[in-house]
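Next comes target.txt, with compact mmCIF, C-alpha atoms.
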```txt
# COMPACT_ATOMS: atom_id res chain seq x y z
CA MET A 1 89.48 11.46 48.40
CA ALA A 2 88.95 14.72 46.53
CA GLU A 3 91.64 17.35 46.29
CA VAL A 4 91.72 20.24 48.71
CA VAL A 5 90.64 23.68 47.49
CA SER A 6 93.11 26.46 46.79
CA TRP A 7 92.49 30.20 46.96
CA PRO A 8 92.26 30.75 43.15
CA GLU A 9 89.47 28.18 42.98
CA GLY A 10 87.15 30.21 45.19
CA SER A 11 84.83 33.11 44.42
CA ILE A 12 82.17 35.28 46.04
CA TYR A 13 79.15 36.96 44.46
CA LEU A 14 76.80 39.47 46.04
CA TRP A 15 73.49 40.68 44.74
CA THR A 16 70.37 42.42 45.95
CA GLY A 17 66.65 41.73 45.62
CA SER A 18 65.70 39.71 42.58
CA ALA A 19 68.43 41.21 40.41
CA THR A 20 70.43 38.80 38.36
CA ALA A 21 73.41 41.15 38.16
CA SER A 22 75.91 40.53 40.90
CA ALA A 23 79.00 42.14 42.27
CA VAL A 24 82.21 40.24 42.65
CA PRO A 25 84.53 41.68 45.28
CA GLY A 26 87.54 41.92 43.01
CA TYR A 27 91.09 41.73 44.29
CA ALA A 28 89.86 39.90 47.36
CA GLN A 29 92.66 38.83 49.64
CA ASN A 30 90.98 36.92 52.39
CA ILE A 31 87.59 35.73 53.53
CA GLN A 32 86.27 34.16 56.66
CA ALA A 33 82.82 32.71 57.13
CA THR A 34 81.48 31.50 60.45
CA LEU A 35 78.22 29.57 60.42
CA THR A 36 76.76 29.39 63.89
CA PHE A 37 73.98 27.01 64.84
CA GLY A 38 72.20 27.85 68.06
CA TRP A 39 71.16 24.79 70.00
CA LEU A 40 69.22 24.49 73.22
CA ASN A 41 70.57 21.38 74.82
CA TYR A 42 68.43 19.96 77.59
CA TYR A 43 67.20 16.81 79.24
CA THR A 44 63.60 15.73 79.37
CA VAL A 45 61.98 14.89 82.69
CA SER A 46 62.67 11.26 81.87
CA GLY A 47 66.37 12.01 81.51
CA GLU A 48 66.70 11.86 77.71
CA PRO A 49 68.93 14.46 76.02
CA ARG A 50 67.37 16.72 73.42
CA ASP A 51 68.59 19.50 71.10
CA THR A 52 66.34 22.20 69.74
CA LEU A 53 67.53 24.60 67.07
CA THR A 54 67.09 28.12 68.36
CA GLY A 55 68.59 30.14 65.52
CA LEU A 56 71.11 30.47 62.71
CA ARG A 57 73.64 33.17 62.08
CA ALA A 58 76.41 33.40 59.52
CA ASP A 59 79.11 36.05 59.79
CA VAL A 60 81.31 36.67 56.74
CA THR A 61 84.31 38.96 56.47
CA ILE A 62 85.87 39.82 53.12
CA GLY A 63 89.18 41.65 52.86
CA GLY A 64 90.39 43.13 49.59
CA LEU A 65 91.94 46.01 47.72
CA VAL A 66 90.06 49.22 46.95
CA THR A 67 89.11 49.99 43.34
CA PHE A 68 86.75 52.38 41.59
CA ASP A 69 84.47 49.51 40.62
CA PRO A 70 81.13 50.96 41.79
CA ALA A 71 79.07 47.75 42.02
CA LEU A 72 80.12 46.75 45.49
CA THR A 73 80.01 50.29 46.87
CA THR A 74 76.57 50.96 45.41
CA MET A 75 75.25 47.72 46.80
CA ILE A 76 76.52 48.46 50.29
CA GLN A 77 75.28 52.05 50.22
CA SER A 78 71.80 50.87 49.33
CA ALA A 79 71.57 49.47 52.88
CA THR A 80 69.13 46.82 51.73
CA ALA A 81 69.22 43.07 51.99
CA VAL A 82 72.21 41.51 50.29
CA HIS A 83 72.49 37.93 49.16
CA MET A 84 75.86 36.25 48.97
CA HIS A 85 77.18 33.20 47.18
CA ILE A 86 80.48 31.64 48.20
CA ARG A 87 81.62 28.93 45.83
CA ARG A 88 84.61 26.85 44.93
CA ASP A 89 85.25 25.24 41.57
CA ALA A 90 87.74 22.52 40.80
CA LEU A 91 87.89 19.59 38.41
CA GLY A 92 84.49 20.43 36.94
CA ALA A 93 82.72 20.28 40.28
CA SER A 94 81.45 23.11 42.40
CA ALA A 95 80.26 23.49 45.94
CA GLY A 96 79.38 26.35 48.19
CA TYR A 97 76.84 28.29 50.20
CA TYR A 98 74.04 30.68 49.38
CA PHE A 99 73.33 33.25 52.07
CA TYR A 100 70.00 34.99 51.75
CA SER A 101 68.76 38.44 52.81
CA GLY A 102 71.77 39.34 54.89
CA ARG A 103 73.06 42.78 55.78
CA VAL A 104 76.40 44.49 55.49
CA ASP A 105 77.37 45.52 59.00
CA GLN A 106 80.62 47.35 58.33
CA ARG A 107 82.91 48.48 55.59
CA LEU A 108 86.38 49.40 56.76
CA PHE A 109 88.90 51.37 54.71
CA ALA A 110 92.56 51.44 55.55
CA GLY A 111 95.44 53.23 53.88
CA ARG A 112 99.05 53.75 54.78
CA GLU A 113 102.06 55.38 53.15
CA GLY A 114 103.83 53.02 50.80
CA GLU A 115 100.94 50.57 50.67
CA LEU A 116 97.70 49.98 48.77
CA TYR A 117 94.30 51.00 50.04
CA GLN A 118 92.54 48.07 51.58
CA TYR A 119 89.01 47.42 52.71
CA SER A 120 87.09 44.85 54.61
CA VAL A 121 83.38 44.10 54.62
CA THR A 122 81.57 42.32 57.42
CA TYR A 123 78.26 40.72 56.65
CA HIS A 124 75.71 38.64 58.48
CA SER A 125 72.82 36.45 57.44
CA ASN A 126 70.35 34.22 59.24
CA LEU A 127 69.38 32.02 56.35
CA TRP A 128 71.51 29.92 54.04
CA SER A 129 71.67 26.77 52.01
CA ALA A 130 74.58 24.58 51.06
CA TYR A 131 75.27 22.48 47.99
CA GLY A 132 77.97 20.23 46.65
CA MET V 133 116.73 14.93 16.98
CA SER V 134 117.18 17.11 13.95
CA ASN V 135 116.93 20.47 15.66
CA GLU V 136 120.10 22.15 16.80
CA VAL V 137 120.56 23.71 20.19
CA ARG V 138 120.06 27.44 20.38
CA VAL V 139 122.76 29.97 21.10
CA MET V 140 122.83 33.64 22.03
CA ALA V 141 123.70 34.80 18.51
CA GLU V 142 120.32 33.50 17.32
CA GLY V 143 118.42 35.73 19.72
CA ALA V 144 116.57 38.98 19.14
CA PHE V 145 114.73 41.13 21.61
CA TYR V 146 112.05 43.77 20.93
CA TRP V 147 110.05 46.04 23.18
CA VAL V 148 106.83 47.97 22.47
CA GLN V 149 104.89 50.45 24.55
CA ALA V 150 101.89 48.81 26.24
CA SER V 151 98.31 49.87 26.59
CA GLY V 152 95.56 48.46 28.79
CA THR V 153 96.19 46.73 32.05
CA GLY V 154 98.92 44.64 30.52
CA ASN V 155 97.73 41.05 30.90
CA SER V 156 97.75 40.67 27.13
CA GLY V 157 99.73 42.21 24.28
CA THR V 158 97.43 45.19 23.85
CA THR V 159 98.99 48.32 22.39
CA ALA V 160 97.75 51.66 21.19
CA SER V 161 97.69 52.36 17.45
CA ALA V 162 101.19 52.68 16.00
CA PRO V 163 102.98 52.32 19.35
CA THR V 164 106.58 53.26 19.85
CA SER V 165 108.83 50.22 19.74
CA GLY V 166 112.47 49.33 19.49
CA ILE V 167 115.02 46.60 19.48
CA LEU V 168 117.30 45.82 22.38
CA ALA V 169 120.79 45.81 20.99
CA TYR V 170 124.09 44.55 22.32
CA VAL V 171 122.39 42.27 24.79
CA ARG V 172 124.92 40.58 27.04
CA SER V 173 122.60 38.48 29.11
CA PHE V 174 118.92 37.83 29.50
CA THR V 175 117.10 35.74 32.06
CA PHE V 176 113.51 35.18 32.99
CA THR V 177 111.83 33.05 35.60
CA SER V 178 108.30 31.71 35.23
CA ALA V 179 107.00 29.95 38.29
CA ASN V 180 103.87 28.83 40.02
CA ASN V 181 103.49 28.73 43.74
CA THR V 182 102.44 25.16 44.40
CA MET V 183 101.87 23.44 47.70
CA GLN V 184 102.13 19.77 48.39
CA ILE V 185 99.17 18.52 50.35
CA MET V 186 99.84 15.96 53.02
CA ASN V 187 97.31 13.38 54.17
CA TRP V 188 98.15 12.04 57.58
CA GLY V 189 101.82 12.41 56.95
CA LYS V 190 101.91 11.19 53.36
CA PRO V 191 102.10 13.37 50.23
CA SER V 192 98.70 13.23 48.54
CA HIS V 193 98.52 15.81 45.75
CA ASN V 194 99.68 19.24 44.61
CA LYS V 195 97.75 22.49 44.48
CA THR V 196 98.61 25.74 42.75
CA VAL V 197 97.83 28.57 45.14
CA ALA V 198 99.13 31.42 42.95
CA ASP V 199 100.79 32.20 39.64
CA ASN V 200 103.95 34.08 40.49
CA PRO V 201 105.04 37.20 38.61
CA ILE V 202 107.58 36.62 35.84
CA ASP V 203 110.89 38.20 36.78
CA ILE V 204 113.03 39.37 33.87
CA THR V 205 116.54 40.77 33.86
CA PHE V 206 118.69 41.77 30.91
CA GLN V 207 122.01 43.50 30.63
CA CYS V 208 123.05 45.47 27.55
CA ASP V 209 125.94 47.53 26.31
CA TYR V 210 124.91 51.17 26.02
CA ALA V 211 124.67 52.39 22.43
CA ALA V 212 121.61 54.49 21.68
CA THR V 213 118.62 55.60 23.71
CA GLY V 214 116.29 53.92 21.22
CA THR V 215 117.44 50.54 22.47
CA ILE V 216 116.26 51.29 26.01
CA PRO V 217 112.59 50.43 26.64
CA LYS V 218 110.43 53.51 27.11
CA PRO V 219 107.36 52.50 29.14
CA VAL V 220 104.16 54.48 28.71
CA SER V 221 100.94 54.69 30.70
CA GLY V 222 98.35 53.27 28.33
CA GLY V 223 94.60 53.49 28.72
CA GLY V 224 93.37 51.52 31.70
CA ALA V 225 96.67 51.45 33.53
CA THR V 226 98.45 54.00 35.70
CA VAL V 227 101.88 52.40 35.64
CA PRO V 228 104.01 52.89 32.49
CA MET V 229 104.69 49.53 30.88
CA VAL V 230 106.13 47.84 27.81
CA HIS V 231 105.63 44.42 26.28
CA LEU V 232 108.72 42.40 25.42
CA GLU V 233 109.29 39.74 22.81
CA TYR V 234 112.23 37.38 22.53
CA LYS V 235 112.98 35.24 19.51
CA MET V 236 115.41 32.40 19.07
CA ALA V 237 115.90 31.83 15.36
CA GLN V 238 115.92 28.27 14.01
CA PRO V 239 117.76 28.66 10.71
CA GLU V 240 118.17 24.92 10.26
CA VAL V 241 114.36 24.56 10.19
CA GLY V 242 113.60 27.49 7.89
CA THR V 243 114.53 31.10 7.40
CA ALA V 244 111.39 32.35 9.17
CA SER V 245 111.29 29.68 11.83
CA GLY V 246 111.94 30.34 15.46
CA ILE V 247 110.87 30.06 19.05
CA TRP V 248 109.15 33.09 20.52
CA TYR V 249 108.43 34.26 24.03
CA GLN V 250 106.18 37.25 24.72
CA PHE V 251 106.10 39.06 28.05
CA PHE V 252 103.11 41.28 28.74
CA GLY V 253 102.80 44.22 31.10
CA CYS V 254 106.35 45.00 32.13
CA PRO V 255 107.07 48.14 34.14
CA VAL V 256 110.70 49.15 34.52
CA PRO V 257 111.17 49.58 38.25
CA SER V 258 114.95 49.27 38.03
CA LEU V 259 117.35 50.56 35.39
CA GLN V 260 120.94 50.43 36.53
CA PHE V 261 123.58 52.25 34.52
CA THR V 262 127.24 51.43 34.91
CA GLN V 263 130.07 53.39 33.33
CA GLY V 264 132.88 51.27 31.96
CA ASP V 265 134.37 49.93 28.79
CA PRO V 266 131.78 49.65 27.45
CA ASN V 267 129.06 51.50 29.35
CA THR V 268 126.28 49.11 30.27
CA TYR V 269 122.77 49.16 31.62
CA GLN V 270 120.81 46.49 33.41
CA ILE V 271 117.05 46.44 33.49
CA THR V 272 115.05 44.41 35.94
CA THR V 273 111.36 44.11 35.29
CA ARG V 274 108.44 41.91 36.21
CA ALA V 275 105.79 40.81 33.70
CA LEU V 276 102.13 40.29 34.50
CA ALA V 277 101.78 37.45 32.00
CA MET V 278 103.70 35.63 29.30
CA ASN V 279 103.16 33.46 26.27
CA GLY V 280 105.65 30.93 25.11
CA PRO V 281 107.33 29.04 23.83
CA THR V 282 105.27 29.62 20.72
CA GLY V 283 105.84 29.28 17.02
CA SER V 284 104.96 32.79 15.86
CA GLY V 285 105.95 36.29 16.77
CA VAL V 286 104.18 39.62 16.96
CA LEU V 287 107.01 42.14 16.95
CA ILE V 288 109.70 40.01 15.34
CA ALA V 289 108.84 38.17 12.12
```
Written as structure tokens, that's how I'd like the structure from this file.
Amino acid sequence: MAEVVSWPEGSIYLWTGSATASAVPGYAQNIQATLTFGWLNYYTVSGEPRDTLTGLRADVTIGGLVTFDPALTTMIQSATAVHMHIRRDALGASAGYYFYSGRVDQRLFAGREGELYQYSVTYHSNLWSAYG
Amino acid sequence: MSNEVRVMAEGAFYWVQASGTGNSGTTASAPTSGILAYVRSFTFTSANNTMQIMNWGKPSHNKTVADNPIDITFQCDYAATGTIPKPVSGGGATVPMVHLEYKMAQPEVGTASGIWYQFFGCPVPSLQFTQGDPNTYQITTRALAMNGPTGSGVLIA
């Protein structure tokens, strides 16, 4: 059985439109991705169970430390569709998810005396693909 | 084994003002540097934060979840200010830092032979002075990265 994945083996890229340049949320401290599959579960008139896919939604939250790196800020300020790639690399293999044409819902800043400035970004998408 | 064990008298310790973020030995042109003299003790700890992964109650494999900072402490007799590291804020970094290099000479191998350790990106968050006979100071620092043991030096030939 393959090894488990550790935090340093993960990464996230964001990009917009057809651009090849991407932004990496540097100094990331935590992420959470929730992929929700909407199912309509019902029985036919003959009593057979059925499931029909009604929709997809992925919600991703990234927490990190604030820097002056403008790529992420510029991308979020553009308020356009943002693609996201979450990947993990270990032992020469990679796996992950591509999220397409999502939107950044929120960007939260937080600062406190004696601590570093932190941010979090919440993102959603309705279309993705998986590999690995 | 032909090599002898190393002792404190074969050690030498240099510092140099850092530039850049400090993950490598980058310095400005002609940086200020110095030698740490009258060193009484020197310790460093290099460690990784590894976790042992269990599989249904049995150890399966290890994973490194973080490279820990390298903690360094040295205690010296107080002689001249030039022997005390003077950190500087180099380009690309807001925190004043020095790089450190430690050499253990291997005279039985050759006059220029030795074992070197380099410590990159060291701020000096703690410098403790103690009056006594002699006066001493203790510096505690924490490096961003290190290189060693290696067979060549940068500050100490």
_Excluding Ala81 in chain A and its own-chain neighbours fewer than 4 positions away, which residues fall within 6 Å of it when counting only C-alpha atoms? Please give them as number ranges by chain._
A: 101-103
*Please identify all polymer residues lying at most 12 Å from the point (96.5, 53.6, 17.2) (file coordinates), using only C-alpha atoms, and present the result as a ChimeraX atom specification.*
/V:149-151,158-164,222-223
*Work out how far CA of Ile202 in chain V is from CA of Gly166 in chain V, in Å to one decimal.*
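Distance between the two atoms: 21.3 Å.
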_Quick check, in Å to one decimal: how far apart do CA of Asp199 in chain V and CA of Pro8 in chain A lie?_
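Interatomic distance here is 9.3 Å.
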If you take all atoms listed in the file and a cut-off of 10 Å, which residues of chain V touch chain A, and what are their nearest atom pairs and distances in Å to one decimal, in chain and number order, as CSV?
```
residue,atom,partner,partner_atom,distance
V:Thr182,CA,A:Ser6,CA,9.7
V:Met183,CA,A:Ser6,CA,9.3
V:Ile185,CA,A:Val4,CA,7.8
V:Asn187,CA,A:Met1,CA,9.9
V:Ser192,CA,A:Glu3,CA,8.5
V:His193,CA,A:Glu3,CA,7.1
V:Asn194,CA,A:Glu3,CA,8.4
V:Lys195,CA,A:Ser6,CA,6.5
V:Thr196,CA,A:Ser6,CA,6.9
V:Val197,CA,A:Ser6,CA,5.4
V:Ala198,CA,A:Pro8,CA,6.9
V:Asp199,CA,A:Pro8,CA,9.3
```
*asked:* Applying 6 Å and only C-alpha atoms, which residues near Asp209 in chain V remain after dropping the ones on its own chain fewer than 5 positions away? List them as a PyMOL selection string.
replied: chain V and resi 170+267-268
*To one decimal place, how far is CA of Ala275 in chain V from CA of Ala225 in chain V in Å?*
14.0 Å
Report as a PDB file with C-alpha atoms, in the coordinates of the input all protein, DNA and RNA residues lying within 7 Å of Val24 in chain A, evaluated on only C-alpha atoms, omitting residues in the same chain fewer than 4 positions from it.
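The resulting file, out-v9.pdb, is shown below:
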```pdb
ATOM      1  CA  ILE A  12      82.170  35.280  46.040  1.00  0.00           C
ATOM      2  CA  TYR A  13      79.150  36.960  44.460  1.00  0.00           C
ATOM      3  CA  LEU A  14      76.800  39.470  46.040  1.00  0.00           C
TER       4      LEU A  14
END
```
*Near Met84 in chain A, counting all atoms listed in the file, which residues have an atom at most 12 Å away, once you skip same-chain residues fewer than 3 positions from it, shown as a count of residues only?*
39
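Minimum distance to Pro228 in chain V across V:Cys254, V:Ala289, V:Ala244, V:Ala144 (counting all atoms listed in the file) occurs at V:Cys254.
For the residues V:Thr273, V:Gln184, V:Pro191, V:Lys235, ranking by smallest atom-to-atom distance to Ile247 in chain V using all atoms listed in the file places V:Lys235 first.
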*Given the choices A:Gly64, A:Pro49, A:Gly26, A:Gly10, which gets closest to Gln118 in chain A if the distance is worked out from all atoms listed in the file?*
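Checking each of A:Gly64, A:Pro49, A:Gly26, A:Gly10 against Gln118 in chain A, counting all atoms listed in the file, the winner is A:Gly64.
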